[in-house]
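Here is target-v1.txt, consisting of compact mmCIF, C-alpha atoms:
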```txt
# COMPACT_ATOMS: atom_id res chain seq x y z
CA GLY A 67 -3.31 -23.88 -45.31
CA ASN A 68 -3.03 -20.75 -47.39
CA SER A 69 -2.27 -20.89 -51.08
CA VAL A 70 -2.09 -18.55 -54.04
CA THR A 71 -2.59 -19.64 -57.62
CA GLN A 72 -1.59 -17.49 -60.56
CA MET A 73 -0.90 -18.06 -64.21
CA GLU A 74 2.72 -19.02 -64.74
CA GLY A 75 3.30 -17.29 -68.03
CA PRO A 76 5.32 -16.01 -69.64
CA VAL A 77 2.89 -13.45 -70.94
CA THR A 78 4.03 -11.56 -74.02
CA LEU A 79 2.16 -8.42 -75.03
CA SER A 80 2.69 -5.60 -77.45
CA GLU A 81 3.07 -2.10 -76.06
CA GLU A 82 -0.26 -0.44 -75.23
CA ALA A 83 -2.06 -3.78 -74.98
CA PHE A 84 -4.44 -4.60 -72.12
CA LEU A 85 -3.03 -6.77 -69.35
CA THR A 86 -4.77 -9.24 -67.07
CA ILE A 87 -2.93 -11.59 -64.75
CA ASN A 88 -5.27 -13.88 -62.87
CA CYS A 89 -4.81 -14.67 -59.20
CA THR A 90 -6.98 -16.78 -56.94
CA TYR A 91 -6.37 -17.68 -53.34
CA THR A 92 -7.30 -20.03 -50.54
CA ALA A 93 -7.08 -18.71 -47.01
CA THR A 94 -8.77 -18.79 -43.65
CA GLY A 95 -10.31 -15.67 -42.24
CA TYR A 96 -9.85 -12.33 -43.95
CA PRO A 97 -6.45 -12.12 -45.60
CA SER A 98 -4.77 -9.05 -47.00
CA LEU A 99 -3.86 -9.35 -50.66
CA PHE A 100 -0.86 -7.96 -52.49
CA TRP A 101 0.78 -7.71 -55.86
CA TYR A 102 4.56 -7.45 -55.87
CA VAL A 103 6.75 -6.73 -58.87
CA GLN A 104 10.30 -7.92 -59.41
CA TYR A 105 12.36 -6.25 -62.11
CA PRO A 106 15.31 -8.20 -63.57
CA GLY A 107 18.09 -8.63 -61.03
CA GLU A 108 16.23 -6.81 -58.27
CA GLY A 109 14.23 -7.62 -55.16
CA LEU A 110 10.51 -7.33 -54.70
CA GLN A 111 8.63 -4.08 -54.68
CA LEU A 112 5.08 -3.69 -53.46
CA LEU A 113 2.91 -2.70 -56.40
CA LEU A 114 -0.49 -2.52 -54.73
CA LYS A 115 -2.55 -4.03 -51.97
CA ALA A 116 -6.07 -4.47 -50.64
CA THR A 117 -6.97 -5.33 -47.09
CA LYS A 118 -10.68 -6.09 -47.22
CA ALA A 119 -13.36 -7.31 -49.56
CA ASP A 120 -14.29 -5.02 -52.47
CA ASP A 121 -11.24 -2.82 -51.89
CA LYS A 122 -9.42 -1.80 -55.05
CA GLY A 123 -5.68 -1.37 -54.94
CA SER A 124 -4.08 0.77 -57.62
CA ASN A 125 -0.65 2.11 -58.52
CA LYS A 126 1.20 3.16 -61.70
CA GLY A 127 -1.86 2.37 -63.82
CA PHE A 128 -2.22 -1.13 -62.38
CA GLU A 129 -5.26 -2.10 -60.37
CA ALA A 130 -6.76 -5.14 -58.67
CA THR A 131 -10.01 -5.65 -56.78
CA TYR A 132 -10.38 -7.91 -53.75
CA ARG A 133 -13.24 -10.27 -54.64
CA LYS A 134 -14.12 -12.42 -51.68
CA GLU A 135 -16.98 -14.19 -53.45
CA THR A 136 -14.65 -15.52 -56.13
CA THR A 137 -11.51 -15.48 -53.92
CA SER A 138 -9.69 -13.57 -56.62
CA PHE A 139 -7.38 -10.58 -56.96
CA HIS A 140 -6.71 -10.23 -60.67
CA LEU A 141 -4.16 -7.65 -61.80
CA GLU A 142 -5.09 -5.37 -64.72
CA LYS A 143 -3.57 -2.51 -66.66
CA GLY A 144 -5.17 -0.79 -69.58
CA SER A 145 -2.05 0.00 -71.58
CA VAL A 146 1.25 -1.69 -70.82
CA GLN A 147 4.67 -0.22 -71.53
CA VAL A 148 8.01 -1.86 -72.24
CA SER A 149 9.14 -0.73 -68.79
CA ASP A 150 6.43 -2.93 -67.22
CA SER A 151 8.36 -6.04 -68.23
CA ALA A 152 8.98 -7.88 -64.97
CA VAL A 153 7.78 -10.78 -62.86
CA TYR A 154 4.57 -10.18 -60.93
CA PHE A 155 3.78 -12.04 -57.73
CA CYS A 156 0.37 -12.31 -56.14
CA ALA A 157 0.56 -12.79 -52.37
CA LEU A 158 -1.46 -12.83 -49.19
CA THR A 159 -1.04 -12.55 -45.46
CA ASN A 160 -3.45 -13.37 -42.71
CA SER A 161 -4.17 -10.74 -40.14
CA GLY A 162 -2.47 -11.30 -36.84
CA GLY A 163 0.96 -11.25 -35.38
CA TYR A 164 2.73 -13.88 -37.46
CA GLN A 165 1.96 -12.47 -40.88
CA LYS A 166 3.63 -15.14 -42.95
CA VAL A 167 3.43 -14.17 -46.61
CA THR A 168 2.25 -16.78 -49.07
CA PHE A 169 3.34 -16.10 -52.64
CA GLY A 170 2.10 -17.31 -55.96
CA ILE A 171 4.58 -18.74 -58.42
CA GLY A 172 5.03 -15.45 -60.24
CA THR A 173 4.05 -14.44 -63.76
CA LYS A 174 6.67 -13.15 -66.13
CA LEU A 175 5.46 -10.31 -68.33
CA GLN A 176 7.34 -9.31 -71.44
CA VAL A 177 6.19 -6.23 -73.31
CA ILE A 178 7.55 -5.77 -76.81
CA PRO A 179 7.66 -2.46 -78.69
CA GLY B 125 10.46 5.53 -45.85
CA ALA B 126 10.39 1.81 -45.03
CA VAL B 127 13.67 0.95 -46.74
CA VAL B 128 15.35 -2.40 -46.28
CA SER B 129 18.90 -2.97 -47.45
CA GLN B 130 20.91 -6.14 -47.94
CA HIS B 131 24.63 -6.61 -48.10
CA PRO B 132 26.27 -7.87 -50.15
CA SER B 133 24.17 -7.71 -53.30
CA ARG B 134 26.27 -10.44 -54.90
CA VAL B 135 28.73 -12.91 -53.47
CA ILE B 136 30.75 -15.71 -54.99
CA CYS B 137 32.41 -18.19 -52.67
CA LYS B 138 34.18 -21.53 -52.75
CA SER B 139 32.47 -24.71 -51.69
CA GLY B 140 32.92 -25.38 -47.98
CA THR B 141 33.21 -21.77 -46.90
CA SER B 142 30.65 -19.76 -44.94
CA VAL B 143 28.91 -16.63 -46.15
CA LYS B 144 27.13 -13.99 -44.11
CA ILE B 145 24.31 -11.87 -45.54
CA GLU B 146 23.08 -8.79 -43.70
CA CYS B 147 19.57 -7.37 -43.74
CA ARG B 148 18.99 -3.89 -42.34
CA SER B 149 15.91 -1.77 -41.85
CA LEU B 150 17.22 1.73 -42.54
CA ASP B 151 14.47 4.02 -41.29
CA PHE B 152 12.37 1.89 -39.00
CA GLN B 153 12.69 -0.70 -36.28
CA ALA B 154 11.76 -4.26 -37.08
CA THR B 155 11.03 -6.77 -34.36
CA THR B 156 10.44 -9.39 -37.03
CA MET B 157 12.41 -10.06 -40.17
CA PHE B 158 11.88 -12.84 -42.67
CA TRP B 159 14.34 -14.69 -44.87
CA TYR B 160 13.28 -16.07 -48.25
CA ARG B 161 15.01 -18.08 -50.90
CA GLN B 162 14.09 -17.80 -54.56
CA PHE B 163 14.91 -20.55 -57.00
CA PRO B 164 15.18 -19.81 -60.72
CA LYS B 165 11.76 -19.38 -62.31
CA LYS B 166 10.03 -20.18 -59.04
CA SER B 167 8.37 -18.30 -56.26
CA LEU B 168 9.83 -17.24 -52.96
CA MET B 169 10.16 -19.86 -50.28
CA LEU B 170 10.07 -18.69 -46.68
CA MET B 171 13.08 -20.10 -44.87
CA ALA B 172 12.71 -18.64 -41.41
CA THR B 173 11.26 -15.90 -39.27
CA SER B 174 13.77 -13.90 -37.28
CA ASN B 175 12.67 -12.30 -34.03
CA GLU B 176 14.79 -9.72 -32.27
CA GLY B 177 16.40 -11.13 -29.17
CA SER B 178 15.17 -14.68 -29.61
CA LYS B 179 15.80 -17.75 -31.71
CA ALA B 180 14.61 -17.84 -35.27
CA THR B 181 11.67 -20.00 -36.29
CA TYR B 182 12.55 -22.21 -39.23
CA GLU B 183 10.15 -23.57 -41.82
CA GLN B 184 9.86 -27.28 -42.29
CA GLY B 185 12.71 -28.72 -44.32
CA VAL B 186 15.13 -25.84 -43.68
CA GLU B 187 18.30 -26.88 -41.87
CA LYS B 188 18.80 -24.51 -38.97
CA ASP B 189 22.41 -25.59 -38.47
CA LYS B 190 23.21 -24.76 -42.07
CA PHE B 191 21.33 -21.47 -42.28
CA LEU B 192 22.19 -19.60 -39.10
CA ILE B 193 20.04 -16.58 -38.38
CA ASN B 194 20.81 -13.89 -35.85
CA HIS B 195 18.62 -10.89 -35.11
CA ALA B 196 20.84 -8.93 -32.76
CA SER B 197 19.08 -5.58 -32.92
CA LEU B 198 15.86 -3.99 -34.05
CA THR B 199 17.46 -2.99 -37.35
CA LEU B 200 19.73 -5.89 -38.25
CA SER B 201 19.30 -9.58 -39.02
CA THR B 202 22.00 -11.80 -40.49
CA LEU B 203 21.82 -15.06 -42.40
CA THR B 204 24.95 -17.19 -42.45
CA VAL B 205 25.15 -20.01 -44.93
CA THR B 206 27.60 -22.44 -43.37
CA SER B 207 29.76 -24.88 -45.34
CA ALA B 208 28.19 -23.70 -48.55
CA HIS B 209 27.73 -26.06 -51.47
CA PRO B 210 26.79 -25.37 -55.09
CA GLU B 211 23.17 -26.35 -54.39
CA ASP B 212 22.98 -23.41 -51.97
CA SER B 213 23.44 -21.05 -54.88
CA SER B 214 20.32 -18.95 -54.99
CA PHE B 215 18.78 -15.52 -54.57
CA TYR B 216 18.18 -14.74 -50.90
CA ILE B 217 15.71 -12.01 -49.98
CA CYS B 218 14.88 -10.59 -46.58
CA SER B 219 11.86 -8.63 -45.47
CA ALA B 220 10.94 -6.71 -42.37
CA ARG B 221 7.83 -5.57 -40.61
CA ASP B 222 7.74 -2.17 -38.97
CA ARG B 223 7.59 -2.49 -35.18
CA ILE B 224 4.90 0.18 -34.94
CA GLY B 225 2.81 -1.57 -37.52
CA ARG B 226 3.12 0.89 -40.37
CA GLY B 227 1.52 -0.61 -43.46
CA GLU B 228 -1.13 -3.00 -42.30
CA ASN B 229 0.04 -6.58 -42.77
CA GLU B 230 2.79 -5.35 -45.07
CA GLN B 231 6.37 -6.49 -45.21
CA PHE B 232 9.10 -4.40 -46.76
CA PHE B 233 11.55 -6.32 -48.89
CA GLY B 234 15.25 -5.94 -49.40
CA PRO B 235 16.81 -5.96 -52.87
CA GLY B 236 18.12 -9.50 -52.49
CA THR B 237 21.54 -11.17 -52.43
CA ARG B 238 22.73 -13.40 -55.26
CA LEU B 239 24.88 -16.20 -53.83
CA THR B 240 26.97 -18.32 -56.16
CA VAL B 241 28.91 -21.24 -54.71
CA LEU B 242 31.64 -22.63 -56.92
```

Show me this structure written as C-alpha cells.
Amino acid sequence: GNSVTQMEGPVTLSEEAFLTINCTYTATGYPSLFWYVQYPGEGLQLLLKATKADDKGSNKGFEATYRKETTSFHLEKGSVQVSDSAVYFCALTNSGGYQKVTFGIGTKLQVIP
Amino acid sequence: GAVVSQHPSRVICKSGTSVKIECRSLDFQATTMFWYRQFPKKSLMLMATSNEGSKATYEQGVEKDKFLINHASLTLSTLTVTSAHPEDSSFYICSARDRIGRGENEQFFGPGTRLTVL
C-alpha cells in the first residue's frame, strides 16, 4: 500500500534560517504529491503540489521537487519567518477515481524570533 | 474558489448524546467528500468516503453504526457521531473533490470541527 514518511519534529529554527523537511514515499504507479500546512487551531491548507516526476511545486517561498528516483518530495524554504510556525504534512494520492489521500505524520515547525 | 466549510467549528456534548457535523462545498459541486479524524500530535486518519446519493465507504476499523455519514446533495455531507463517548473527542476534518475535476487529484479541506465529549 501507499505510505508517506516524514520527520516527526518538532523542528525549531531561528527566523531567517533555512528550512528542510524531508519526505519520502512508497506508492504504486505515478502518484501526485502534496504539502499541506496546518496553523494552530485550523484545518489543512494546500501549500504546494507536484503531479509528475521532476515537477517543482512552489508557494509563499516554499518549494519541493518531485524526485521519482529517490521517491522523495522534500520541503525547503530559504528564510523562514515566525508566521511559518505550523504543522506541515506531506501527502500523496494515486491518479484515478478513488483518490484516497495518504498523509505523513506531520512535522511541527516552530520559528523563534 | 474551492472553499469547504464545516459547522460547527467547536462542539462540546455530554456522553451518550449524538452530534452532527456538516461539511459544505460553497462554490463547487462535490460528488465525493472524505471524512478524517486527527488525533493529538498525529496525522489524519481517513474514516470514510462519502459519495452523493449512495452509501459511504468506511475504512477498516471505523464503526459505521457509530459514525453515520450522509451525502444528501452535491454540496453537503454530514457526519453524525452517535452515543458519543469521551474517546470520540477529536478533531474531525472533511474534504471534497470538485465534480468537474478542478485541481488534478486535489482535495479541498474544511477548517475542521473540534469535538469534546464530557

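Excluding Ile193 in chain B itself and any same-chain residue fewer than 2 positions from it, the protein and nucleic acid residues within 7 Å of it, counting only C-alpha atoms, are B:Ser174, B:Ala180, B:Phe191, B:His195, B:Thr202, B:Leu203, B:Thr204.
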
### Message
Residues of chain A were defined as contacting chain B if any atom lay at most 12 Å from it, counting all atoms listed in the file; please report them as a PyMOL selection string.
### Response
chain A and resi 70-72+74-76+96-118+153-174

### Query
Nearest to Lys138 in chain B: which of B:Gly185, B:Gly177, B:Pro210, B:Pro164 is it, counting all atoms listed in the file?
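Smallest distance to Lys138 in chain B is found for B:Pro210.
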
### Task
One decimal, Å: what's the distance from CA of Val177 in chain A over to CA of Thr136 in chain A, could you say?
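Distance between the two atoms: 28.6 Å.
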
### Atom pair CA of Phe128 in chain A / CA of Ser80 in chain A: separation (Å)
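Between CA of Phe128 in chain A and CA of Ser80 in chain A the gap works out to 16.5 Å.
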
### Task
Quick one: pull the distance between CA of Asp212 in chain B and CA of Val143 in chain B, Å, one decimal.
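So the answer is 10.7 Å.
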
Centre, edges in Å (one decimal): axis-aligned box, range 76-92 of chain A, 5 Å padding on all six sides, as AutoDock Vina command-line options:
```
--center_x -1.0 --center_y -10.2 --center_z -64.0 --size_x 22.6 --size_y 29.6 --size_z 36.9
```

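Compared by their closest atoms to Lys143 in chain A, and using only C-alpha atoms, the residues A:Leu85, A:Ile178, A:Ala130, A:Met73 rank with A:Leu85 nearest.
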